[in-house]
Amino acid sequence: MAIRNVARLGSPVLRQRAREIPVDEIASPEIQRLIDDLFETMHEYDGVGLAAPQVYESIRLLVTADLPDPDDEDQLLAPSRVLINPEIIFLTQEETARWEGCLSVPDLRGLVSRPHKIQVTAFDRQGKRIEFEAEGFPATVIQHEYDHLDGTVFLDRMSDLKSLSFLREFERYIAGAADEDE
Ligand code: ZN
């Protein structure tokens, strides 16, 4: 396993539509190593998710971390996942606004509204088809990472740039005042 370099905003790879992975390539050593590297890189930089284009691999693969319940750290809201060629269906029109950050847009936080509940279909790292629903914070994380596969970053999703804050100022003026996930 290895910690990969993370592409920062301005790198063309972050603005491209990533290609699908042929199912018979999922078991290949290259893809399996990339999955391990995504987890190691995500953990190294304290991310909750990471998409392959963020490490300069323009393919439709993302990982998410174990997401603990903010009200009870012993409970998981969602387990860590590997999603290959994922598809998302919105299960509600209802949107939730959350503070988002991104390893490719370092040291910034911004408020983004996204559908609250989604259905996800994808292949896992064994090449098995999986389908599940996600709601709340895990749904936000998956939508954020999915956007990277289409060349979109959270700044593009902000309806009002006035909430954009540097991390230090966010922690100083906002995080203390609100009950936050990040
Ligand atoms: Zn991101």
# chains A, B, ... in the order shown; residues from 1 in each chain; ligands from 1

$ closest_atom_pairs --of "chain A" --to "ligand 1" --cutoff "6 Å" --atoms "only C-alpha atoms and all ligand atoms" --output "tab-separated table"
residue	atom	partner	partner_atom_place_in_ligand_line	distance
A:Cys102	CA	ligand 1	1 (Zn)	3.9
A:Leu103	CA	ligand 1	1 (Zn)	5.8
A:Ser104	CA	ligand 1	1 (Zn)	5.9
A:Glu145	CA	ligand 1	1 (Zn)	5.8

$ write_last_selection --atoms "all heavy atoms" --output "PDB file, in the first residue's frame"
ATOM      1  N   CYS A 102     -12.913  19.151   1.225  1.00  0.00           N
ATOM      2  CA  CYS A 102     -12.422  18.249   0.178  1.00  0.00           C
ATOM      3  C   CYS A 102     -10.904  18.253   0.187  1.00  0.00           C
ATOM      4  O   CYS A 102     -10.294  19.329   0.251  1.00  0.00           O
ATOM      5  CB  CYS A 102     -12.947  18.732  -1.177  1.00  0.00           C
ATOM      6  SG  CYS A 102     -12.465  17.678  -2.547  1.00  0.00           S
ATOM      7  N   LEU A 103     -10.296  17.069   0.121  1.00  0.00           N
ATOM      8  CA  LEU A 103      -8.835  16.992   0.120  1.00  0.00           C
ATOM      9  C   LEU A 103      -8.243  17.655  -1.125  1.00  0.00           C
ATOM     10  O   LEU A 103      -7.081  18.043  -1.121  1.00  0.00           O
ATOM     11  CB  LEU A 103      -8.373  15.529   0.199  1.00  0.00           C
ATOM     12  CG  LEU A 103      -8.774  14.782   1.473  1.00  0.00           C
ATOM     13  CD1 LEU A 103      -8.214  13.361   1.450  1.00  0.00           C
ATOM     14  CD2 LEU A 103      -8.319  15.516   2.719  1.00  0.00           C
ATOM     15  N   SER A 104      -9.047  17.819  -2.170  1.00  0.00           N
ATOM     16  CA  SER A 104      -8.575  18.473  -3.395  1.00  0.00           C
ATOM     17  C   SER A 104      -8.799  19.984  -3.370  1.00  0.00           C
ATOM     18  O   SER A 104      -8.352  20.694  -4.268  1.00  0.00           O
ATOM     19  CB  SER A 104      -9.284  17.877  -4.616  1.00  0.00           C
ATOM     20  OG  SER A 104      -8.943  16.517  -4.760  1.00  0.00           O
ATOM     21  N   GLU A 145     -18.412  12.319  -3.247  1.00  0.00           N
ATOM     22  CA  GLU A 145     -17.388  11.526  -3.944  1.00  0.00           C
ATOM     23  C   GLU A 145     -17.839  11.166  -5.353  1.00  0.00           C
ATOM     24  O   GLU A 145     -17.035  11.171  -6.296  1.00  0.00           O
ATOM     25  CB  GLU A 145     -17.047  10.258  -3.151  1.00  0.00           C
ATOM     26  CG  GLU A 145     -16.512  10.508  -1.748  1.00  0.00           C
ATOM     27  CD  GLU A 145     -15.358  11.494  -1.712  1.00  0.00           C
ATOM     28  OE1 GLU A 145     -14.601  11.586  -2.698  1.00  0.00           O
ATOM     29  OE2 GLU A 145     -15.223  12.196  -0.690  1.00  0.00           O
TER      30      GLU A 145
END

$ residues_around --residues "Phe123 in chain A" --least-positions-apart "3" --cutoff "9 Å" --atoms "only C-alpha atoms" --output "ChimeraX atom specification"
/A:23,26,82-86,126-131

$ select_by_dssp --residues "chain A" --states "helix (DSSP H, G or I)" --output "count of residues only"
56

$ residues_around --residues "Gln16 in chain A" --least-positions-apart "4" --cutoff "9 Å" --atoms "only C-alpha atoms" --output "ChimeraX atom specification"
/A:12,53,58,148-152

$ closest_atom_pairs --of "range 54-125 of chain A" --to "range 42-45 of chain A" --cutoff "9 Å" --atoms "only C-alpha atoms" --output "Markdown table"
| residue | atom | partner | partner_atom | distance |
| --- | --- | --- | --- | --- |
| A:Val63 | CA | A:Met42 | CA | 8.5 |
| A:Thr64 | CA | A:Met42 | CA | 8.5 |
| A:Ala65 | CA | A:Met42 | CA | 8.0 |
| A:Leu103 | CA | A:Tyr45 | CA | 7.5 |

$ residues_around --residues "Ile89 in chain A" --least-positions-apart "4" --cutoff "7 Å" --atoms "only C-alpha atoms" --output "PyMOL selection string"
chain A and resi 118-120

$ atom_distance --atom1 "CA of Leu67 in chain A" --atom2 "CA of Glu25 in chain A"
28.3 Å

$ closest_residue --among "A:Leu167, A:Val141, A:Val6, A:Met158" --to "Val55 in chain A" --atoms "only C-alpha atoms"
A:Val6

$ residues_around --residues "Lys162 in chain A" --least-positions-apart "2" --cutoff "12 Å" --atoms "only C-alpha atoms" --output "PyMOL selection string"
chain A and resi 109-112+155+158-160+164-166

$ closest_residue --among "A:Leu14, A:Val48, A:Ile59, A:Ala78" --to "Ala134 in chain A" --atoms "only C-alpha atoms"
A:Ala78

$ closest_residue --among "A:Asp107, A:Glu73, A:Asp37, A:Glu20" --to "Leu61 in chain A" --atoms "only C-alpha atoms"
A:Glu20

$ atom_distance --atom1 "CA of Gln32 in chain A" --atom2 "CA of Asp124 in chain A"
10.9 Å

$ select_by_dssp --residues "range 14-119 of chain A" --states "strand (DSSP E or B)" --output "JSON list (two decimals) with N, CA and C atoms, in the first residue's frame"
[["chain", "number", "residue", "atom", "x", "y", "z"],
["A", 19, "ARG", "N", -13.76, 7.31, -16.60],
["A", 19, "ARG", "CA", -14.31, 6.20, -17.39],
["A", 19, "ARG", "C", -14.73, 5.04, -16.50],
["A", 49, "GLY", "N", -13.96, 10.28, 2.65],
["A", 49, "GLY", "CA", -14.17, 9.63, 1.36],
["A", 49, "GLY", "C", -13.08, 10.08, 0.41],
["A", 50, "LEU", "N", -12.85, 9.28, -0.64],
["A", 50, "LEU", "CA", -11.85, 9.66, -1.65],
["A", 50, "LEU", "C", -12.22, 8.97, -2.96],
["A", 51, "ALA", "N", -12.13, 9.73, -4.04],
["A", 51, "ALA", "CA", -12.46, 9.20, -5.36],
["A", 51, "ALA", "C", -11.17, 9.06, -6.18],
["A", 59, "ILE", "N", -10.90, 7.01, -13.29],
["A", 59, "ILE", "CA", -11.81, 5.86, -13.40],
["A", 59, "ILE", "C", -12.88, 5.97, -12.32],
["A", 61, "LEU", "N", -14.35, 4.95, -9.53],
["A", 61, "LEU", "CA", -14.09, 4.19, -8.30],
["A", 61, "LEU", "C", -13.99, 5.20, -7.16],
["A", 62, "LEU", "N", -14.67, 4.89, -6.06],
["A", 62, "LEU", "CA", -14.54, 5.74, -4.87],
["A", 62, "LEU", "C", -14.59, 4.87, -3.62],
["A", 63, "VAL", "N", -14.05, 5.40, -2.54],
["A", 63, "VAL", "CA", -14.15, 4.72, -1.25],
["A", 63, "VAL", "C", -14.71, 5.71, -0.23],
["A", 64, "THR", "N", -15.39, 5.17, 0.77],
["A", 64, "THR", "CA", -15.83, 5.99, 1.91],
["A", 64, "THR", "C", -15.37, 5.30, 3.19],
["A", 67, "LEU", "N", -18.30, 5.66, 8.99],
["A", 67, "LEU", "CA", -18.85, 6.95, 9.40],
["A", 67, "LEU", "C", -19.56, 6.78, 10.74],
["A", 68, "PRO", "N", -18.91, 7.23, 11.83],
["A", 68, "PRO", "CA", -19.52, 7.05, 13.15],
["A", 68, "PRO", "C", -20.69, 8.01, 13.36],
["A", 69, "ASP", "N", -21.60, 7.60, 14.19],
["A", 69, "ASP", "CA", -22.73, 8.43, 14.58],
["A", 69, "ASP", "C", -22.20, 9.56, 15.47],
["A", 72, "ASP", "N", -23.12, 9.14, 19.03],
["A", 72, "ASP", "CA", -22.67, 7.95, 19.74],
["A", 72, "ASP", "C", -21.53, 7.33, 18.94],
["A", 73, "GLU", "N", -20.30, 7.66, 19.34],
["A", 73, "GLU", "CA", -19.12, 7.27, 18.56],
["A", 73, "GLU", "C", -18.97, 5.75, 18.42],
["A", 74, "ASP", "N", -19.64, 5.00, 19.29],
["A", 74, "ASP", "CA", -19.54, 3.54, 19.20],
["A", 74, "ASP", "C", -20.44, 2.96, 18.09],
["A", 75, "GLN", "N", -21.37, 3.78, 17.63],
["A", 75, "GLN", "CA", -22.30, 3.31, 16.59],
["A", 75, "GLN", "C", -21.86, 3.83, 15.23],
["A", 76, "LEU", "N", -21.98, 2.98, 14.22],
["A", 76, "LEU", "CA", -21.66, 3.40, 12.86],
["A", 76, "LEU", "C", -22.94, 3.82, 12.14],
["A", 77, "LEU", "N", -22.89, 5.00, 11.50],
["A", 77, "LEU", "CA", -23.98, 5.38, 10.61],
["A", 77, "LEU", "C", -23.89, 4.58, 9.32],
["A", 78, "ALA", "N", -22.66, 4.31, 8.89],
["A", 78, "ALA", "CA", -22.44, 3.54, 7.66],
["A", 78, "ALA", "C", -21.05, 2.91, 7.73],
["A", 81, "ARG", "N", -16.92, 1.67, 2.50],
["A", 81, "ARG", "CA", -17.36, 1.00, 1.28],
["A", 81, "ARG", "C", -16.41, 1.28, 0.13],
["A", 82, "VAL", "N", -16.41, 0.35, -0.82],
["A", 82, "VAL", "CA", -15.77, 0.53, -2.12],
["A", 82, "VAL", "C", -16.88, 0.52, -3.15],
["A", 83, "LEU", "N", -16.98, 1.59, -3.93],
["A", 83, "LEU", "CA", -18.04, 1.68, -4.94],
["A", 83, "LEU", "C", -17.40, 1.85, -6.31],
["A", 84, "ILE", "N", -17.68, 0.88, -7.18],
["A", 84, "ILE", "CA", -17.12, 0.89, -8.54],
["A", 84, "ILE", "C", -18.27, 1.05, -9.53],
["A", 85, "ASN", "N", -18.10, 1.97, -10.48],
["A", 85, "ASN", "CA", -19.15, 2.30, -11.46],
["A", 85, "ASN", "C", -20.49, 2.57, -10.75],
["A", 86, "PRO", "N", -20.48, 3.41, -9.72],
["A", 86, "PRO", "CA", -21.72, 3.60, -8.95],
["A", 86, "PRO", "C", -22.77, 4.39, -9.74],
["A", 87, "GLU", "N", -24.03, 4.13, -9.38],
["A", 87, "GLU", "CA", -25.15, 4.92, -9.89],
["A", 87, "GLU", "C", -25.98, 5.34, -8.69],
["A", 88, "ILE", "N", -26.51, 6.56, -8.76],
["A", 88, "ILE", "CA", -27.28, 7.12, -7.64],
["A", 88, "ILE", "C", -28.67, 7.50, -8.13],
["A", 89, "ILE", "N", -29.68, 7.11, -7.35],
["A", 89, "ILE", "CA", -31.05, 7.57, -7.58],
["A", 89, "ILE", "C", -31.47, 8.36, -6.34],
["A", 90, "PHE", "N", -32.04, 9.56, -6.55],
["A", 90, "PHE", "CA", -32.54, 10.34, -5.42],
["A", 90, "PHE", "C", -33.88, 9.76, -4.98],
["A", 95, "GLU", "N", -33.93, 18.22, 0.66],
["A", 95, "GLU", "CA", -32.48, 18.41, 0.69],
["A", 95, "GLU", "C", -32.02, 18.79, 2.10],
["A", 96, "THR", "N", -30.79, 18.40, 2.40],
["A", 96, "THR", "CA", -30.18, 18.78, 3.68],
["A", 96, "THR", "C", -28.91, 19.56, 3.37],
["A", 97, "ALA", "N", -28.71, 20.65, 4.10],
["A", 97, "ALA", "CA", -27.48, 21.44, 3.92],
["A", 97, "ALA", "C", -26.45, 20.98, 4.95],
["A", 98, "ARG", "N", -25.25, 20.69, 4.48],
["A", 98, "ARG", "CA", -24.15, 20.30, 5.38],
["A", 98, "ARG", "C", -22.87, 21.02, 4.97],
["A", 99, "TRP", "N", -21.98, 21.18, 5.94],
["A", 99, "TRP", "CA", -20.66, 21.73, 5.66],
["A", 99, "TRP", "C", -19.80, 20.66, 5.02],
["A", 100, "GLU", "N", -19.20, 20.99, 3.88],
["A", 100, "GLU", "CA", -18.34, 20.04, 3.20],
["A", 100, "GLU", "C", -16.94, 20.61, 3.06],
["A", 101, "GLY", "N", -16.01, 19.67, 3.01],
["A", 101, "GLY", "CA", -14.62, 20.00, 2.72],
["A", 101, "GLY", "C", -14.11, 18.97, 1.74],
["A", 102, "CYS", "N", -12.91, 19.15, 1.22],
["A", 102, "CYS", "CA", -12.42, 18.25, 0.18],
["A", 102, "CYS", "C", -10.90, 18.25, 0.19],
["A", 105, "VAL", "N", -9.54, 20.44, -2.36],
["A", 105, "VAL", "CA", -9.78, 21.88, -2.17],
["A", 105, "VAL", "C", -9.41, 22.17, -0.72],
["A", 106, "PRO", "N", -8.12, 22.06, -0.39],
["A", 106, "PRO", "CA", -7.73, 22.01, 1.01],
["A", 106, "PRO", "C", -8.06, 23.27, 1.80],
["A", 107, "ASP", "N", -8.35, 23.05, 3.07],
["A", 107, "ASP", "CA", -8.50, 24.13, 4.06],
["A", 107, "ASP", "C", -9.71, 25.03, 3.82],
["A", 108, "LEU", "N", -10.69, 24.56, 3.08],
["A", 108, "LEU", "CA", -11.92, 25.33, 2.90],
["A", 108, "LEU", "C", -13.12, 24.50, 3.33],
["A", 109, "ARG", "N", -14.14, 25.20, 3.80],
["A", 109, "ARG", "CA", -15.42, 24.57, 4.12],
["A", 109, "ARG", "C", -16.52, 25.40, 3.49],
["A", 110, "GLY", "N", -17.56, 24.71, 2.99],
["A", 110, "GLY", "CA", -18.68, 25.42, 2.40],
["A", 110, "GLY", "C", -19.96, 24.65, 2.61],
["A", 111, "LEU", "N", -21.05, 25.39, 2.66],
["A", 111, "LEU", "CA", -22.35, 24.79, 2.91],
["A", 111, "LEU", "C", -22.97, 24.35, 1.58],
["A", 112, "VAL", "N", -23.36, 23.05, 1.52],
["A", 112, "VAL", "CA", -23.91, 22.48, 0.30],
["A", 112, "VAL", "C", -25.22, 21.76, 0.62],
["A", 113, "SER", "N", -26.25, 22.02, -0.17],
["A", 113, "SER", "CA", -27.52, 21.29, -0.02],
["A", 113, "SER", "C", -27.57, 20.15, -1.02],
["A", 114, "ARG", "N", -27.91, 18.97, -0.52],
["A", 114, "ARG", "CA", -28.03, 17.78, -1.39],
["A", 114, "ARG", "C", -29.23, 16.97, -0.96],
["A", 115, "PRO", "N", -29.77, 16.14, -1.89],
["A", 115, "PRO", "CA", -30.88, 15.25, -1.50],
["A", 115, "PRO", "C", -30.52, 14.42, -0.26],
["A", 117, "LYS", "N", -31.82, 11.55, 0.89],
["A", 117, "LYS", "CA", -31.87, 10.07, 0.86],
["A", 117, "LYS", "C", -31.65, 9.58, -0.57],
["A", 118, "ILE", "N", -30.76, 8.61, -0.72],
["A", 118, "ILE", "CA", -30.42, 8.10, -2.06],
["A", 118, "ILE", "C", -30.39, 6.57, -2.07],
["A", 119, "GLN", "N", -30.53, 6.05, -3.28],
["A", 119, "GLN", "CA", -30.30, 4.62, -3.49],
["A", 119, "GLN", "C", -29.05, 4.50, -4.35]]

$ closest_residue --among "A:Phe154, A:Ile3, A:Asp71, A:Leu9" --to "Thr140 in chain A" --atoms "only C-alpha atoms"
A:Phe154

$ closest_residue --among "A:Ser163, A:Gln54, A:Thr121, A:Thr92" --to "Asp147 in chain A" --atoms "only C-alpha atoms"
A:Gln54

$ closest_residue --among "A:Arg172, A:Arg4, A:His116, A:Arg125" --to "Leu38 in chain A" --atoms "only C-alpha atoms"
A:Arg4

$ decode --residues "range 4-19 of chain A" --atoms "all heavy atoms" --output "compact mmCIF listing (two decimals), in the first residue's frame"
# COMPACT_ATOMS: atom_id res chain seq x y z
N ARG A 4 -0.90 8.09 -1.86
CA ARG A 4 -0.78 8.72 -3.18
C ARG A 4 -0.81 10.24 -3.05
O ARG A 4 -1.34 10.80 -2.09
CB ARG A 4 -1.97 8.29 -4.06
CG ARG A 4 -2.08 6.78 -4.25
CD ARG A 4 -1.32 6.33 -5.48
NE ARG A 4 -1.60 4.93 -5.77
CZ ARG A 4 -2.00 4.48 -6.96
NH1 ARG A 4 -2.19 5.30 -7.97
NH2 ARG A 4 -2.20 3.18 -7.15
N ASN A 5 -0.28 10.89 -4.07
CA ASN A 5 -0.42 12.35 -4.16
C ASN A 5 -1.87 12.68 -4.47
O ASN A 5 -2.50 12.03 -5.31
CB ASN A 5 0.46 12.91 -5.28
CG ASN A 5 1.91 12.92 -4.90
OD1 ASN A 5 2.25 13.06 -3.72
ND2 ASN A 5 2.77 12.76 -5.88
N VAL A 6 -2.38 13.70 -3.81
CA VAL A 6 -3.77 14.13 -4.02
C VAL A 6 -3.79 15.31 -4.99
O VAL A 6 -3.10 16.31 -4.78
CB VAL A 6 -4.43 14.50 -2.68
CG1 VAL A 6 -5.84 15.04 -2.91
CG2 VAL A 6 -4.49 13.28 -1.75
N ALA A 7 -4.58 15.17 -6.05
CA ALA A 7 -4.74 16.25 -7.04
C ALA A 7 -5.49 17.41 -6.40
O ALA A 7 -6.52 17.21 -5.74
CB ALA A 7 -5.49 15.73 -8.25
N ARG A 8 -4.97 18.62 -6.58
CA ARG A 8 -5.64 19.80 -6.06
C ARG A 8 -6.35 20.54 -7.18
O ARG A 8 -6.04 20.35 -8.35
CB ARG A 8 -4.61 20.72 -5.39
CG ARG A 8 -4.10 20.17 -4.06
CD ARG A 8 -2.74 20.71 -3.68
NE ARG A 8 -2.66 22.16 -3.76
CZ ARG A 8 -2.57 22.97 -2.69
NH1 ARG A 8 -2.55 22.47 -1.48
NH2 ARG A 8 -2.47 24.27 -2.85
N LEU A 9 -7.32 21.35 -6.76
CA LEU A 9 -8.14 22.10 -7.71
C LEU A 9 -7.25 22.82 -8.73
O LEU A 9 -6.28 23.48 -8.35
CB LEU A 9 -9.00 23.12 -6.96
CG LEU A 9 -10.17 23.70 -7.74
CD1 LEU A 9 -11.19 22.62 -8.10
CD2 LEU A 9 -10.84 24.81 -6.94
N GLY A 10 -7.59 22.69 -9.99
CA GLY A 10 -6.76 23.21 -11.07
C GLY A 10 -6.17 22.08 -11.88
O GLY A 10 -5.85 22.25 -13.06
N SER A 11 -6.01 20.89 -11.26
CA SER A 11 -5.54 19.72 -11.99
C SER A 11 -6.64 19.28 -12.95
O SER A 11 -7.77 19.05 -12.51
CB SER A 11 -5.22 18.57 -11.04
OG SER A 11 -4.27 18.98 -10.08
N PRO A 12 -6.34 19.16 -14.25
CA PRO A 12 -7.39 18.80 -15.23
C PRO A 12 -8.12 17.51 -14.87
O PRO A 12 -9.31 17.37 -15.16
CB PRO A 12 -6.61 18.67 -16.55
CG PRO A 12 -5.42 19.57 -16.38
CD PRO A 12 -5.05 19.47 -14.92
N VAL A 13 -7.43 16.56 -14.22
CA VAL A 13 -8.06 15.26 -13.92
C VAL A 13 -9.31 15.45 -13.06
O VAL A 13 -10.24 14.64 -13.12
CB VAL A 13 -7.05 14.31 -13.24
CG1 VAL A 13 -6.67 14.80 -11.84
CG2 VAL A 13 -7.57 12.87 -13.20
N LEU A 14 -9.36 16.53 -12.27
CA LEU A 14 -10.52 16.76 -11.40
C LEU A 14 -11.72 17.28 -12.18
O LEU A 14 -12.82 17.39 -11.62
CB LEU A 14 -10.17 17.76 -10.29
CG LEU A 14 -9.16 17.29 -9.25
CD1 LEU A 14 -8.83 18.43 -8.29
CD2 LEU A 14 -9.70 16.08 -8.48
N ARG A 15 -11.50 17.66 -13.44
CA ARG A 15 -12.59 18.23 -14.23
C ARG A 15 -13.02 17.34 -15.39
O ARG A 15 -13.82 17.74 -16.23
CB ARG A 15 -12.15 19.61 -14.76
CG ARG A 15 -12.00 20.66 -13.65
CD ARG A 15 -13.22 20.66 -12.76
NE ARG A 15 -13.37 21.88 -11.94
CZ ARG A 15 -14.45 22.11 -11.21
NH1 ARG A 15 -15.44 21.24 -11.17
NH2 ARG A 15 -14.54 23.20 -10.49
N GLN A 16 -12.47 16.12 -15.43
CA GLN A 16 -12.83 15.18 -16.49
C GLN A 16 -13.90 14.20 -16.00
O GLN A 16 -13.99 13.91 -14.81
CB GLN A 16 -11.60 14.37 -16.92
CG GLN A 16 -10.55 15.21 -17.62
CD GLN A 16 -9.17 14.55 -17.63
OE1 GLN A 16 -9.00 13.42 -17.15
NE2 GLN A 16 -8.19 15.26 -18.15
N ARG A 17 -14.67 13.68 -16.97
CA ARG A 17 -15.57 12.59 -16.63
C ARG A 17 -14.74 11.31 -16.62
O ARG A 17 -14.11 10.97 -17.62
CB ARG A 17 -16.72 12.48 -17.64
CG ARG A 17 -17.74 11.45 -17.22
CD ARG A 17 -18.90 11.30 -18.20
NE ARG A 17 -19.95 10.47 -17.61
CZ ARG A 17 -19.92 9.15 -17.55
NH1 ARG A 17 -18.90 8.48 -18.05
NH2 ARG A 17 -20.92 8.48 -16.99
N ALA A 18 -14.72 10.63 -15.49
CA ALA A 18 -13.91 9.41 -15.36
C ALA A 18 -14.58 8.26 -16.12
O ALA A 18 -15.80 8.22 -16.26
CB ALA A 18 -13.75 9.05 -13.88
N ARG A 19 -13.76 7.31 -16.60
CA ARG A 19 -14.31 6.20 -17.39
C ARG A 19 -14.73 5.04 -16.50
O ARG A 19 -14.18 4.84 -15.40
CB ARG A 19 -13.30 5.73 -18.44
CG ARG A 19 -12.06 5.09 -17.86
CD ARG A 19 -11.17 4.46 -18.92
NE ARG A 19 -9.95 3.94 -18.33
CZ ARG A 19 -9.86 2.72 -17.78
NH1 ARG A 19 -10.88 1.91 -17.73
NH2 ARG A 19 -8.71 2.32 -17.24
